[in-house]
$ cat entry-v5.tsv   # TSV, C-alpha atoms and all ligand atoms
chain	number	residue	atom	x	y	z
K	1	MET	CA	97.48	76.95	106.24
K	2	GLU	CA	95.65	80.24	106.04
K	3	ASP	CA	95.89	82.32	109.19
K	4	LYS	CA	92.26	83.00	110.11
K	5	LYS	CA	91.56	86.20	111.96
K	6	THR	CA	88.54	87.89	113.44
K	7	ILE	CA	88.51	91.65	112.95
K	8	ILE	CA	86.07	94.01	114.61
K	9	VAL	CA	85.53	97.02	112.35
K	10	THR	CA	83.78	99.86	114.14
K	11	GLY	CA	82.01	102.51	112.08
K	12	GLY	CA	81.78	100.05	109.19
K	13	ALA	CA	78.43	101.43	108.01
K	14	GLY	CA	80.03	104.79	107.21
K	15	PHE	CA	82.07	105.90	104.22
K	16	ILE	CA	85.60	104.57	104.77
K	17	GLY	CA	84.60	101.78	107.15
K	18	SER	CA	82.23	100.22	104.60
K	19	ASN	CA	84.84	100.41	101.88
K	20	PHE	CA	87.24	98.70	104.29
K	21	VAL	CA	84.68	95.95	105.05
K	22	TYR	CA	84.31	95.18	101.32
K	23	TYR	CA	88.07	95.39	100.76
K	24	MET	CA	88.77	92.90	103.55
K	25	LEU	CA	85.97	90.47	102.65
K	26	LYS	CA	87.33	90.31	99.11
K	27	LYS	CA	90.99	90.01	100.04
K	28	TYR	CA	90.60	87.69	103.03
K	29	PRO	CA	87.51	85.52	102.37
K	30	PHE	CA	88.63	83.24	105.21
K	31	TYR	CA	88.58	86.06	107.84
K	32	ARG	CA	85.61	86.88	110.03
K	33	ILE	CA	84.64	90.55	109.85
K	34	VAL	CA	82.37	91.92	112.57
K	35	CYS	CA	81.03	95.43	112.11
K	36	LEU	CA	79.97	97.41	115.17
K	37	ASP	CA	78.17	100.62	114.23
K	38	ALA	CA	75.64	102.81	116.04
K	39	LEU	CA	73.99	103.85	112.74
K	40	THR	CA	74.08	107.55	113.47
K	41	TYR	CA	72.91	109.90	110.70
K	42	ALA	CA	76.16	109.00	108.86
K	43	GLY	CA	75.78	105.23	109.09
K	44	ASN	CA	73.68	103.40	106.57
K	45	LEU	CA	72.79	99.74	106.77
K	46	SER	CA	71.87	99.68	103.08
K	47	THR	CA	75.56	100.30	102.36
K	48	LEU	CA	76.34	96.92	103.91
K	49	LYS	CA	73.46	94.92	102.43
K	50	LYS	CA	75.71	93.19	99.88
K	51	ALA	CA	78.15	92.14	102.63
K	52	ILE	CA	75.27	90.79	104.73
K	53	LYS	CA	73.77	88.90	101.77
K	54	ASP	CA	76.97	87.54	100.21
K	55	HIS	CA	78.85	86.65	103.41
K	56	PRO	CA	76.31	85.10	105.79
K	57	ASP	CA	79.02	82.99	107.46
K	58	ASN	CA	81.91	85.39	107.88
K	59	PHE	CA	80.32	88.83	108.14
K	60	ARG	CA	78.23	90.04	111.04
K	61	PHE	CA	76.65	93.42	111.64
K	62	VAL	CA	75.99	94.55	115.21
K	63	LYS	CA	74.16	97.79	115.91
K	64	GLY	CA	75.71	99.47	118.92
K	65	ASP	CA	77.65	102.35	120.33
K	66	ILE	CA	81.42	102.07	120.86
K	67	ARG	CA	80.94	103.94	124.16
K	68	ASP	CA	78.68	101.19	125.50
K	69	ALA	CA	81.20	99.26	127.62
K	70	GLU	CA	78.79	96.44	128.44
K	71	LEU	CA	77.91	95.79	124.82
K	72	VAL	CA	81.56	96.01	123.76
K	73	GLU	CA	82.54	93.54	126.48
K	74	SER	CA	79.88	91.02	125.43
K	75	LEU	CA	80.89	91.38	121.78
K	76	PHE	CA	84.54	90.69	122.67
K	77	VAL	CA	83.52	87.63	124.71
K	78	GLU	CA	81.46	86.27	121.80
K	79	GLU	CA	83.78	87.10	118.93
K	80	LYS	CA	87.28	86.92	120.49
K	81	PRO	CA	88.71	89.46	118.03
K	82	ASP	CA	92.35	89.35	116.99
K	83	ILE	CA	92.32	92.91	115.70
K	84	VAL	CA	90.11	95.97	116.22
K	85	VAL	CA	90.05	98.76	113.63
K	86	ASN	CA	88.27	101.86	114.88
K	87	PHE	CA	86.66	103.99	112.18
K	88	ALA	CA	83.67	105.00	114.31
K	89	ALA	CA	83.59	108.74	114.81
K	90	GLU	CA	81.70	111.92	114.31
K	91	SER	CA	83.55	113.03	111.20
K	92	HIS	CA	82.24	116.30	109.80
K	93	VAL	CA	84.09	119.53	110.68
K	94	ASP	CA	81.06	121.77	110.00
K	95	ARG	CA	78.88	119.75	112.37
K	96	SER	CA	81.62	119.94	115.02
K	97	ILE	CA	81.47	123.73	114.75
K	98	LEU	CA	77.68	123.72	115.13
K	99	ASP	CA	77.71	121.27	118.07
K	100	PRO	CA	81.02	119.94	119.45
K	101	GLN	CA	79.71	117.74	122.28
K	102	ALA	CA	79.07	114.51	120.38
K	103	PHE	CA	82.53	114.81	118.83
K	104	LEU	CA	84.34	114.86	122.15
K	105	GLN	CA	82.17	112.09	123.53
K	106	THR	CA	82.37	109.64	120.64
K	107	ASN	CA	85.82	110.41	119.31
K	108	ILE	CA	87.64	110.39	122.66
K	109	MET	CA	85.56	108.20	125.00
K	110	GLY	CA	84.83	105.63	122.29
K	111	PRO	CA	88.48	104.65	121.76
K	112	GLN	CA	88.95	104.46	125.54
K	113	VAL	CA	86.13	101.92	125.88
K	114	LEU	CA	87.43	99.89	122.93
K	115	MET	CA	91.00	99.92	124.22
K	116	ASP	CA	89.93	98.81	127.71
K	117	ALA	CA	88.29	95.81	126.08
K	118	CYS	CA	91.36	95.17	123.89
K	119	LYS	CA	93.55	95.25	126.99
K	120	LYS	CA	91.32	92.87	128.93
K	121	HIS	CA	91.04	90.40	126.04
K	122	ASN	CA	94.68	90.56	124.90
K	123	VAL	CA	93.82	91.71	121.42
K	124	GLU	CA	96.75	91.51	119.00
K	125	ARG	CA	96.32	95.09	117.74
K	126	TYR	CA	94.09	98.10	118.25
K	127	HIS	CA	94.25	100.31	115.17
K	128	GLN	CA	93.04	103.90	115.42
K	129	VAL	CA	91.94	105.51	112.16
K	130	SER	CA	93.05	109.09	112.64
K	131	THR	CA	93.41	112.01	110.26
K	132	ASP	CA	95.95	114.50	108.94
K	133	GLU	CA	93.75	117.21	110.46
K	134	VAL	CA	95.40	116.56	113.84
K	135	TYR	CA	98.41	118.52	112.53
K	136	GLY	CA	96.44	121.74	111.95
K	137	ASP	CA	97.15	123.44	108.64
K	138	LEU	CA	99.98	124.66	106.43
K	139	PRO	CA	100.30	128.04	104.71
K	140	LEU	CA	99.49	128.29	100.99
K	141	ASP	CA	102.73	130.13	100.23
K	142	ARG	CA	104.99	127.34	101.53
K	143	PRO	CA	104.46	124.44	99.10
K	144	ASP	CA	107.71	122.93	100.40
K	145	LEU	CA	106.10	122.10	103.78
K	146	PHE	CA	104.38	118.76	104.48
K	147	PHE	CA	103.03	116.98	107.55
K	148	THR	CA	105.35	114.23	108.78
K	149	GLU	CA	104.66	111.86	111.69
K	150	ASN	CA	106.86	114.17	113.80
K	151	THR	CA	104.87	117.33	113.08
K	152	ASN	CA	103.35	118.69	116.30
K	153	LEU	CA	99.67	118.08	116.94
K	154	HIS	CA	97.97	121.43	116.44
K	155	ALA	CA	94.27	120.92	115.86
K	156	SER	CA	91.98	123.71	114.65
K	157	SER	CA	88.37	122.47	114.86
K	158	PRO	CA	86.48	120.62	117.60
K	159	TYR	CA	86.57	117.63	115.22
K	160	SER	CA	90.33	117.65	114.77
K	161	ALA	CA	90.90	118.41	118.46
K	162	SER	CA	88.86	115.32	119.37
K	163	LYS	CA	90.84	113.17	116.93
K	164	ALA	CA	94.16	114.53	118.24
K	165	SER	CA	93.03	113.81	121.81
K	166	ALA	CA	92.20	110.24	120.86
K	167	ASP	CA	95.67	109.81	119.33
K	168	LEU	CA	97.22	110.92	122.62
K	169	VAL	CA	95.07	108.47	124.58
K	170	VAL	CA	96.02	105.65	122.18
K	171	MET	CA	99.73	106.31	122.65
K	172	ALA	CA	99.20	106.59	126.42
K	173	TYR	CA	97.60	103.11	126.47
K	174	HIS	CA	100.58	101.80	124.54
K	175	ARG	CA	103.14	103.32	126.88
K	176	THR	CA	101.29	102.72	130.16
K	177	TYR	CA	99.73	99.32	129.61
K	178	GLY	CA	101.81	98.00	126.72
K	179	LEU	CA	98.66	97.77	124.57
K	180	PRO	CA	99.63	96.89	120.98
K	181	VAL	CA	98.41	99.83	118.92
K	182	SER	CA	98.90	101.58	115.62
K	183	ILE	CA	97.60	104.85	114.19
K	184	SER	CA	97.08	105.96	110.59
K	185	ARG	CA	96.70	109.64	109.74
K	186	CYS	CA	95.24	109.87	106.29
K	187	SER	CA	94.44	112.85	104.09
K	188	ASN	CA	90.96	113.54	102.63
K	189	ASN	CA	89.36	110.45	101.09
K	190	TYR	CA	86.90	110.32	98.21
K	191	GLY	CA	85.02	107.48	96.51
K	192	PRO	CA	81.81	105.41	96.79
K	193	TYR	CA	79.49	105.76	99.82
K	194	HIS	CA	80.89	109.18	100.77
K	195	PHE	CA	78.18	110.90	102.82
K	196	PRO	CA	76.51	113.78	100.88
K	197	GLU	CA	77.52	116.45	103.43
K	198	LYS	CA	81.20	116.34	102.37
K	199	LEU	CA	82.69	118.48	99.58
K	200	ILE	CA	82.92	116.05	96.65
K	201	PRO	CA	79.58	114.23	96.99
K	202	LEU	CA	77.80	117.47	97.93
K	203	MET	CA	79.03	119.17	94.77
K	204	ILE	CA	78.21	116.16	92.55
K	205	ILE	CA	74.69	115.89	93.96
K	206	ASN	CA	73.95	119.63	93.86
K	207	ALA	CA	75.24	119.83	90.27
K	208	LEU	CA	73.03	116.88	89.26
K	209	ASN	CA	70.07	118.65	90.87
K	210	ASP	CA	71.00	122.04	89.27
K	211	LYS	CA	71.32	123.54	92.76
K	212	PRO	CA	73.93	126.17	93.78
K	213	LEU	CA	77.40	124.80	94.65
K	214	PRO	CA	78.41	126.53	97.93
K	215	VAL	CA	82.16	127.18	97.93
K	216	TYR	CA	83.49	128.49	101.25
K	217	GLY	CA	85.57	131.69	101.30
K	218	ASP	CA	87.79	132.18	98.25
K	219	GLY	CA	87.76	128.48	97.30
K	220	LEU	CA	91.55	128.35	97.43
K	221	ASN	CA	91.83	126.06	100.46
K	222	VAL	CA	93.85	123.00	99.56
K	223	ARG	CA	93.14	119.38	100.46
K	224	ASP	CA	95.27	116.32	99.62
K	225	TRP	CA	92.85	113.78	98.08
K	226	LEU	CA	93.24	110.00	98.21
K	227	TYR	CA	90.96	107.37	96.67
K	228	VAL	CA	89.33	105.47	99.54
K	229	GLU	CA	90.56	102.04	98.44
K	230	ASP	CA	94.17	103.22	98.73
K	231	HIS	CA	93.46	104.19	102.34
K	232	CYS	CA	91.97	100.72	102.97
K	233	LYS	CA	95.10	99.14	101.49
K	234	ALA	CA	97.30	101.19	103.82
K	235	ILE	CA	95.33	100.11	106.91
K	236	ASP	CA	95.48	96.48	105.77
K	237	MET	CA	99.28	96.74	105.51
K	238	ILE	CA	99.62	98.43	108.90
K	239	ILE	CA	97.48	95.93	110.82
K	240	HIS	CA	99.31	92.99	109.23
K	241	GLY	CA	102.76	94.57	109.51
K	242	ASP	CA	105.28	94.76	112.30
K	243	CYS	CA	103.86	98.13	113.34
K	244	ASN	CA	103.15	97.98	117.05
K	245	GLY	CA	103.37	101.49	118.55
K	246	GLU	CA	103.76	103.13	115.14
K	247	VAL	CA	102.07	106.12	113.52
K	248	PHE	CA	101.82	106.32	109.72
K	249	ASN	CA	100.82	109.24	107.54
K	250	VAL	CA	98.86	108.16	104.47
K	251	GLY	CA	98.52	110.35	101.39
K	252	GLY	CA	99.24	110.37	97.67
K	253	HIS	CA	100.64	113.88	97.03
K	254	ASN	CA	97.47	115.00	95.34
K	255	GLU	CA	96.87	118.54	96.54
K	256	MET	CA	94.03	120.45	94.95
K	257	ALA	CA	92.25	123.74	95.62
K	258	ASN	CA	88.54	123.30	96.35
K	259	ILE	CA	87.50	125.55	93.47
K	260	ASP	CA	89.43	123.41	90.98
K	261	ILE	CA	87.66	120.27	92.19
K	262	VAL	CA	84.28	121.97	91.91
K	263	LYS	CA	85.03	123.14	88.36
K	264	LEU	CA	86.22	119.66	87.39
K	265	ILE	CA	82.98	118.09	88.68
K	266	LEU	CA	80.89	120.61	86.72
K	267	LYS	CA	82.90	119.91	83.56
K	268	GLU	CA	82.52	116.12	83.92
K	269	LEU	CA	78.77	116.51	84.40
K	270	GLY	CA	78.36	119.07	81.60
K	271	LYS	CA	76.94	121.66	84.01
K	272	PRO	CA	77.62	125.44	83.93
K	273	GLU	CA	80.08	127.20	86.26
K	274	SER	CA	77.31	129.70	86.98
K	275	LEU	CA	76.10	127.17	89.57
K	276	ILE	CA	79.11	128.06	91.76
K	277	THR	CA	78.20	130.32	94.68
K	278	PHE	CA	80.87	131.69	96.99
K	279	VAL	CA	79.54	131.69	100.55
K	280	GLU	CA	80.74	132.79	103.98
K	281	ASP	CA	83.91	130.97	105.03
K	282	ARG	CA	84.02	128.13	107.57
K	283	LYS	CA	85.10	129.34	111.03
K	284	GLY	CA	88.79	128.55	111.67
K	285	HIS	CA	89.02	127.09	108.14
K	286	ASP	CA	92.27	125.16	107.67
K	287	ARG	CA	94.13	126.53	104.64
K	288	ARG	CA	96.15	123.61	103.37
K	289	TYR	CA	96.70	119.95	104.20
K	290	ALA	CA	99.61	118.07	102.63
K	291	ILE	CA	100.94	114.69	103.69
K	292	ASP	CA	104.49	113.39	103.49
K	293	PRO	CA	103.83	109.65	103.04
K	294	SER	CA	107.50	108.60	102.84
K	295	LYS	CA	107.43	106.51	106.04
K	296	ILE	CA	104.64	104.15	104.93
K	297	LYS	CA	106.20	103.88	101.46
K	298	ARG	CA	109.64	103.12	102.83
K	299	GLU	CA	108.69	100.81	105.69
K	300	LEU	CA	105.67	98.99	104.25
K	301	GLY	CA	106.02	99.47	100.51
K	302	TRP	CA	102.60	101.16	100.28
K	303	GLU	CA	101.86	103.03	97.07
K	304	PRO	CA	98.55	104.57	96.02
K	305	GLU	CA	97.06	102.88	92.95
K	306	THR	CA	94.32	105.23	91.78
K	307	LYS	CA	95.27	108.53	90.17
K	308	PHE	CA	92.92	111.42	90.95
K	309	GLU	CA	91.89	111.93	87.32
K	310	ASN	CA	90.64	108.33	87.17
K	311	GLY	CA	89.30	108.16	90.72
K	312	ILE	CA	87.14	111.25	90.37
K	313	VAL	CA	85.58	109.96	87.12
K	314	LYS	CA	84.87	106.59	88.79
K	315	THR	CA	83.38	108.40	91.79
K	316	ILE	CA	81.12	110.65	89.70
K	317	GLN	CA	79.95	107.57	87.78
K	318	TRP	CA	79.23	105.80	91.09
K	319	TYR	CA	76.95	108.66	92.18
K	320	LEU	CA	75.20	108.56	88.79
K	321	ASP	CA	74.66	104.81	89.17
K	322	HIS	CA	73.56	104.93	92.83
K	323	LYS	CA	70.98	107.69	92.92
K	324	ASP	CA	68.73	105.55	95.10
K	325	TRP	CA	71.47	105.45	97.80
K	326	TRP	CA	71.92	109.21	98.08
K	327	GLU	CA	68.39	110.29	97.22
K	328	GLU	CA	67.14	108.43	100.25
K	329	ILE	CA	69.71	110.21	102.43
K	330	ILE	CA	69.11	113.72	101.16
K	331	SER	CA	65.35	113.40	101.45
K	332	GLY	CA	65.50	112.55	105.17
K	333	GLU	CA	66.95	114.27	108.25
K	334	TYR	CA	69.79	115.58	106.06
K	335	LYS	CA	67.42	118.23	104.69
K	336	ASN	CA	67.20	119.90	108.11
K	337	TYR	CA	70.98	119.92	108.44
K	338	TYR	CA	71.40	121.36	104.94
K	339	ASP	CA	68.86	124.13	105.52
K	340	LYS	CA	70.39	125.05	108.89
K	341	MET	CA	73.97	124.92	107.63
K	342	TYR	CA	73.59	126.63	104.26
K	343	GLY	CA	70.50	128.74	105.03
K	344	GLU	CA	72.63	130.69	107.53
K	345	LYS	CA	75.49	131.24	105.08
K	346	LYS	CA	75.28	134.26	102.82
O	401	LIG	P1	81.51	108.67	108.41
O	401	LIG	O1	80.93	109.82	109.15
O	401	LIG	O2	81.11	108.44	106.99
O	401	LIG	O3	81.18	107.31	109.20
O	401	LIG	C1	81.29	107.21	110.59
O	401	LIG	C2	80.60	105.93	111.02
O	401	LIG	O4	80.76	105.79	112.43
O	401	LIG	C3	79.08	105.91	110.75
O	401	LIG	O5	78.71	104.66	110.20
O	401	LIG	C4	78.46	106.09	112.13
O	401	LIG	O6	77.19	105.46	112.26
O	401	LIG	C5	79.51	105.44	113.01
O	401	LIG	N1	79.49	105.96	114.39
O	401	LIG	C6	79.47	107.26	114.79
O	401	LIG	N2	79.45	107.33	116.13
O	401	LIG	C7	79.44	106.05	116.60
O	401	LIG	C8	79.44	105.48	117.89
O	401	LIG	N3	79.42	106.24	118.99
O	401	LIG	N4	79.47	104.13	117.98
O	401	LIG	C9	79.50	103.34	116.88
O	401	LIG	N5	79.48	103.84	115.63
O	401	LIG	C10	79.47	105.18	115.49
O	401	LIG	O7	83.08	108.82	108.56
O	401	LIG	P2	84.25	108.46	107.53
O	401	LIG	O8	84.46	109.61	106.62
O	401	LIG	O9	84.02	107.11	106.99
O	401	LIG	O10	85.49	108.43	108.54
O	401	LIG	C11	85.83	107.23	109.23
O	401	LIG	C12	87.04	107.49	110.09
O	401	LIG	O11	88.13	107.93	109.28
O	401	LIG	C13	86.83	108.59	111.14
O	401	LIG	O12	87.45	108.19	112.32
O	401	LIG	C14	87.52	109.81	110.54
O	401	LIG	O13	88.01	110.64	111.56
O	401	LIG	C15	88.65	109.16	109.76
O	401	LIG	N6	89.14	109.89	108.57
O	401	LIG	C16	88.27	110.32	107.62
O	401	LIG	C17	88.76	110.93	106.47
O	401	LIG	C18	87.83	111.38	105.37
O	401	LIG	O14	88.30	111.99	104.39
O	401	LIG	N7	86.56	111.09	105.41
O	401	LIG	C19	90.14	111.12	106.32
O	401	LIG	C20	91.00	110.66	107.33
O	401	LIG	C21	90.48	110.04	108.44
O	402	LIG	P1	85.11	118.54	103.80
O	402	LIG	O1	84.69	117.56	102.73
O	402	LIG	O2	84.11	118.94	104.82
O	402	LIG	O3	86.42	117.91	104.45
O	402	LIG	P2	87.45	118.58	105.54
O	402	LIG	O4	86.92	119.85	106.01
O	402	LIG	O5	87.47	117.55	106.61
O	402	LIG	O6	88.73	118.71	104.79
O	402	LIG	O7	85.62	119.86	103.09
O	402	LIG	C1	86.70	119.84	102.17
O	402	LIG	C2	86.99	121.29	101.79
O	402	LIG	O8	85.87	121.81	101.06
O	402	LIG	C3	87.18	122.22	102.97
O	402	LIG	O9	88.20	123.16	102.64
O	402	LIG	C4	85.85	122.93	103.11
O	402	LIG	C5	85.35	122.99	101.68
O	402	LIG	N1	83.87	122.95	101.51
O	402	LIG	C6	83.23	123.94	100.76
O	402	LIG	O10	83.87	124.85	100.21
O	402	LIG	N2	81.87	123.86	100.62
O	402	LIG	C7	81.13	122.89	101.20
O	402	LIG	O11	79.87	122.90	101.07
O	402	LIG	C8	81.80	121.87	101.97
O	402	LIG	C9	81.03	120.77	102.63
O	402	LIG	C10	83.18	121.95	102.09

$ encode --input "entry-v5.tsv" --output "structure tokens"
Amino acid sequence: MEDKKTIIVTGGAGFIGSNFVYYMLKKYPFYRIVCLDALTYAGNLSTLKKAIKDHPDNFRFVKGDIRDAELVESLFVEEKPDIVVNFAAESHVDRSILDPQAFLQTNIMGPQVLMDACKKHNVERYHQVSTDEVYGDLPLDRPDLFFTENTNLHASSPYSASKASADLVVMAYHRTYGLPVSISRCSNNYGPYHFPEKLIPLMIINALNDKPLPVYGDGLNVRDWLYVEDHCKAIDMIIHGDCNGEVFNVGGHNEMANIDIVKLILKELGKPESLITFVEDRKGHDRRYAIDPSKIKRELGWEPETKFENGIVKTIQWYLDHKDWWEEIISGEYKNYYDKMYGEKK
């Protein structure tokens, strides 16, 4: 008999959370998936419209804040979740530099509220979606160095500091209360439904609109890119595995300098490199992220499936095919953010 589970996915109207919702609905059609999302600027109900339409019986969307203890309690009473996967967060480093408060509130207090409910309702597993940014950065001239699960937490931005704090609270709930938890620390994701403020979608959209492509500093900062579906697969394996109390790094050894990604996007779209504009660097800009994923490979047999050269072409095509999705976003409140953020950069 199929083991039916109810999973609460918080932040499921955002980039990775929505990809995870679709991944799980496809792979486990007999599961119940409940999405709790506050629909901040980064959450988009239109992203989930296919899930709502195609899965009226086993998908539910609830608009609400993970910090709202009363709402979370009533949702747990109604849904009796087996597993909670927390994607909900303020996720953009640049916004955390402009205004850190929401980051500390959502990213630290939110998990606390969710874990209190998990503890009270004896949930099988609370999974915290964390990030490799909790480890700080690595120097460019030491390509032999990688983040392992034992690397010290050493956050640089208000965003990464809030995520590192949450990881500490998660492990404290495990040790103090015996709450069953797991944490994944993934590298930079890319793919469908990535919010236009982030590097890859921002560059695709600006190139399509023949607008300048703002590259911070010297453009040599390195990120380790993973196709979003491979991240979803890793979380699926962790929540179904014997992983209570474990932390897993997730990454596919795909390090690239920002400038090379920007040039690749321009080439794919047949746009000139003269669109590239070097602008003032991000404050505290992390130089290089690089994940050692050997633990998740060894212990769970996880392997990434999508190579960057294929994933980036698929992603560019997705943005070409879904102009309505991003045009609506960039014509709204996003315009104010863009003008404030990039208007101030020289
Ligand atoms: P995102 O900004 O695209 O989506 C975040 C979602 O959370 C949105 O739908 C938003 O409405 C929701 N949300 C925000 N505050 C909320 C609150 N208080 N209550 C309920 N919902 C709230 O983010 P993303 O890029 O999909 O990232 C998801 C998670 O993965 C985050 O925790 C992030 O730290 C982590 N992560 C992201 C990456 C990446 O490359 N994007 C890499 C590693 C880890
Ligand atoms: P981002 O997508 O914001 O992810 P993160 O900072 O969490 O890694 O940025 C990825 C890299 O791209 C980072 O080094 C900053 C750089 N970047 C630019 O050069 N220009 C931009 O307009 C943006 C948004 C990012």

$ closest_residue --input "entry-v5.tsv" --among "K:Ala207, K:Leu213, K:Ile183, K:Ile108" --to "ligand LIG 402 (chain O)" --atoms "all atoms listed in the file"
K:Leu213

$ atom_distance --input "entry-v5.tsv" --atom1 "atom CA of K:Asp99" --atom2 "atom N5 of ligand LIG 401 (chain O)"
17.7 Å

$ residues_around --input "entry-v5.tsv" --residues "K:Val215" --least-positions-apart "6" --cutoff "12 Å" --atoms "only C-alpha atoms" --output "ChimeraX atom specification"
/K:198-200,202-203,206,221,257-263,273,275-282,342,345-346

$ residues_around --input "entry-v5.tsv" --residues "K:Glu2" --least-positions-apart "5" --cutoff "10 Å" --atoms "only C-alpha atoms" --output "CSV table (one decimal) with C-alpha atoms, keeping the file's coordinate frame"
chain,number,residue,atom,x,y,z
K,28,TYR,CA,90.6,87.7,103.0
K,30,PHE,CA,88.6,83.2,105.2
K,31,TYR,CA,88.6,86.1,107.8

$ axis_aligned_box --input "entry-v5.tsv" --around "ligand LIG 402 (chain O)" --padding-each-side "5 Å" --output "AutoDock Vina command-line options"
--center_x 84.3 --center_y 121.2 --center_z 103.4 --size_x 18.9 --size_y 17.3 --size_z 16.4

$ atom_distance --input "entry-v5.tsv" --atom1 "atom CA of K:Thr131" --atom2 "atom CA of K:Asp116"
22.2 Å

$ residues_near_point --input "entry-v5.tsv" --point "(72.3, 110.2, 97.2)" --cutoff "10 Å" --atoms "all atoms listed in the file" --output "ChimeraX atom specification"
/K:193-196,201-202,204-205,319-331

$ closest_residue --input "entry-v5.tsv" --among "K:Asp242, K:Glu149, K:Asp68, K:Glu229" --to "ligand LIG 401 (chain O)" --atoms "all atoms listed in the file"
K:Asp68

$ residues_near_ligand --input "entry-v5.tsv" --ligand "ligand LIG 401 (chain O)" --cutoff "6 Å" --atoms "only C-alpha atoms and all ligand atoms" --output "PyMOL selection string"
chain K and resi 11-17+37-40+42-43+64-67+87-91+106+129-131+186-189+195

$ residues_near_point --input "entry-v5.tsv" --point "(87.3, 87.7, 119.7)" --cutoff "8 Å" --atoms "all atoms listed in the file" --output "list of chain:residue names"
K:Thr6, K:Ile7, K:Leu75, K:Phe76, K:Val77, K:Glu78, K:Glu79, K:Lys80, K:Pro81, K:Asp82, K:His121, K:Val123

$ closest_residue --input "entry-v5.tsv" --among "K:Met341, K:Leu300, K:Leu208, K:Leu269" --to "ligand LIG 402 (chain O)" --atoms "only C-alpha atoms and all ligand atoms"
K:Met341

$ closest_residue --input "entry-v5.tsv" --among "K:Val21, K:Ala155, K:Val222, K:Met171" --to "ligand LIG 402 (chain O)" --atoms "only C-alpha atoms and all ligand atoms"
K:Val222

$ residues_around --input "entry-v5.tsv" --residues "K:Phe61" --least-positions-apart "5" --cutoff "8 Å" --atoms "all atoms listed in the file" --output "ChimeraX atom specification"
/K:34-37,52

$ write_last_selection --input "entry-v5.tsv" --atoms "C-alpha atoms" --output "PDB file, in the frame of the given file"
ATOM      1  CA  VAL K  34      82.370  91.920 112.570  1.00  0.00           C
ATOM      2  CA  CYS K  35      81.030  95.430 112.110  1.00  0.00           C
ATOM      3  CA  LEU K  36      79.970  97.410 115.170  1.00  0.00           C
ATOM      4  CA  ASP K  37      78.170 100.620 114.230  1.00  0.00           C
ATOM      5  CA  ILE K  52      75.270  90.790 104.730  1.00  0.00           C
TER       6      ILE K  52
END

$ closest_residue --input "entry-v5.tsv" --among "K:Pro212, K:Pro143, K:Gly191, K:Pro158" --to "K:Ser18" --atoms "only C-alpha atoms"
K:Gly191
